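The structure appears below as structure tokens.
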Amino acid sequence: MTASDKNTDRLNTIDFSGYQICHVTEKKGSILREKRVTLGLTQAQVAEKAKVALPQYQKFETNTRNIMTCSFQIACRIIEALGMNISDFYHGEYHIGEEVFCDNEGLKYVKTGKLISEDVT
């Protein structure tokens with residue numbers, strides 16, 4: 001893969017004999033988004049469940065604000081709202097990489113059948 005093939009904020013895929021290999025930049029916000037989408041939740045639903053304002057949650061998901069530097073209480077509520085283990089999240093045990101498959105529309109999450117570029121509405 002050449003340097004021009006790399007894009008730090010996008011999914012890069014290479015097809016090797018029928019296997020789809022994916023790489024996504026592992027930012028904490030990206031993990032939040034992927035987990036939310038695979039659960040079939042909207043940003044508003046996660047924010048409500050975590051008892052935080054929607055714009056505040058959106059900042060964590062878009063990496064405008066780092067969840068690792070917010071208050072412990074807020075971080076715990078958001079992580080728990082997504083059904084994730086707080087300790088595992090803090091220690092980097094969650095990684096981008098929900099199972100995906102490729103069809104004629106593109107890459108989709110196995111759990112929901114949604115395109116990885118699609119959001120929950």
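Chain labels A, B, ... are given in the sequence in which chains occur in the structure tokens; within each chain residues are numbered consecutively from 1, and ligands are likewise numbered from 1 in the order shown.
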
- request: Compile the contact shell of range 53-64 of chain A as a ChimeraX atom specification: residues with an atom at most 7 Å away, counting only C-alpha atoms, same-chain residues fewer than 5 positions apart removed.
  value: /A:29-30,32-33,43-44,47

Kindly save the residues from that selection, with all heavy atoms included, as a tab-separated table (two decimals), in the first residue's frame.
```tsv
chain	number	residue	atom	x	y	z
A	29	GLY	N	-13.50	8.27	19.54
A	29	GLY	CA	-14.79	8.69	19.00
A	29	GLY	C	-15.28	7.77	17.91
A	29	GLY	O	-16.47	7.49	17.79
A	30	SER	N	-14.36	7.27	17.09
A	30	SER	CA	-14.73	6.33	16.03
A	30	SER	C	-15.28	5.05	16.62
A	30	SER	O	-16.20	4.45	16.08
A	30	SER	CB	-13.51	6.02	15.16
A	30	SER	OG	-13.01	7.18	14.56
A	32	LEU	N	-16.86	4.84	19.49
A	32	LEU	CA	-18.20	5.18	19.97
A	32	LEU	C	-19.20	5.14	18.83
A	32	LEU	O	-20.28	4.58	18.95
A	32	LEU	CB	-18.22	6.56	20.62
A	32	LEU	CG	-17.34	6.76	21.86
A	32	LEU	CD1	-17.42	8.21	22.32
A	32	LEU	CD2	-17.73	5.81	22.98
A	33	ARG	N	-18.84	5.74	17.70
A	33	ARG	CA	-19.76	5.78	16.56
A	33	ARG	C	-20.04	4.37	16.05
A	33	ARG	O	-21.19	4.00	15.83
A	33	ARG	CB	-19.19	6.62	15.42
A	33	ARG	CG	-20.16	6.67	14.24
A	33	ARG	CD	-19.51	7.19	12.96
A	33	ARG	NE	-20.48	7.20	11.90
A	33	ARG	CZ	-20.82	6.13	11.17
A	33	ARG	NH1	-20.28	4.96	11.40
A	33	ARG	NH2	-21.73	6.22	10.21
A	43	GLN	N	-27.68	9.05	17.73
A	43	GLN	CA	-26.89	9.84	18.68
A	43	GLN	C	-27.80	10.36	19.80
A	43	GLN	O	-27.41	10.36	20.96
A	43	GLN	CB	-26.21	11.00	17.97
A	43	GLN	CG	-25.08	10.59	17.08
A	43	GLN	CD	-24.41	11.77	16.39
A	43	GLN	OE1	-25.04	12.80	16.14
A	43	GLN	NE2	-23.14	11.62	16.08
A	44	ALA	N	-29.00	10.76	19.45
A	44	ALA	CA	-29.94	11.28	20.44
A	44	ALA	C	-30.31	10.20	21.47
A	44	ALA	O	-30.43	10.49	22.67
A	44	ALA	CB	-31.20	11.80	19.76
A	47	ALA	N	-27.31	9.78	23.82
A	47	ALA	CA	-27.21	10.95	24.69
A	47	ALA	C	-28.28	10.89	25.78
A	47	ALA	O	-27.99	11.15	26.96
A	47	ALA	CB	-27.34	12.23	23.87
```

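Nearest-residue note for Glu48 in chain A: choosing from A:Glu118, A:Leu82, A:Phe72, A:Lys35, the minimum distance belongs to A:Leu82, counting only C-alpha atoms.
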
Residues within 12 Å of Met68 in chain A, only C-alpha atoms, excluding chain neighbours under 5 positions, as a ChimeraX atom specification: /A:27-29,60-61,63,73-76,78-79,86-87,89-92

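For the atom pair formed by CA of Glu34 in chain A and CA of Asp88 in chain A, the distance is 16.1 Å, given to one decimal.
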
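Proximity to Glu105 in chain A was assessed for A:Thr42, A:Ser117, A:Ala81, A:Ile67 counting only C-alpha atoms; the smallest distance is recorded for A:Ser117.
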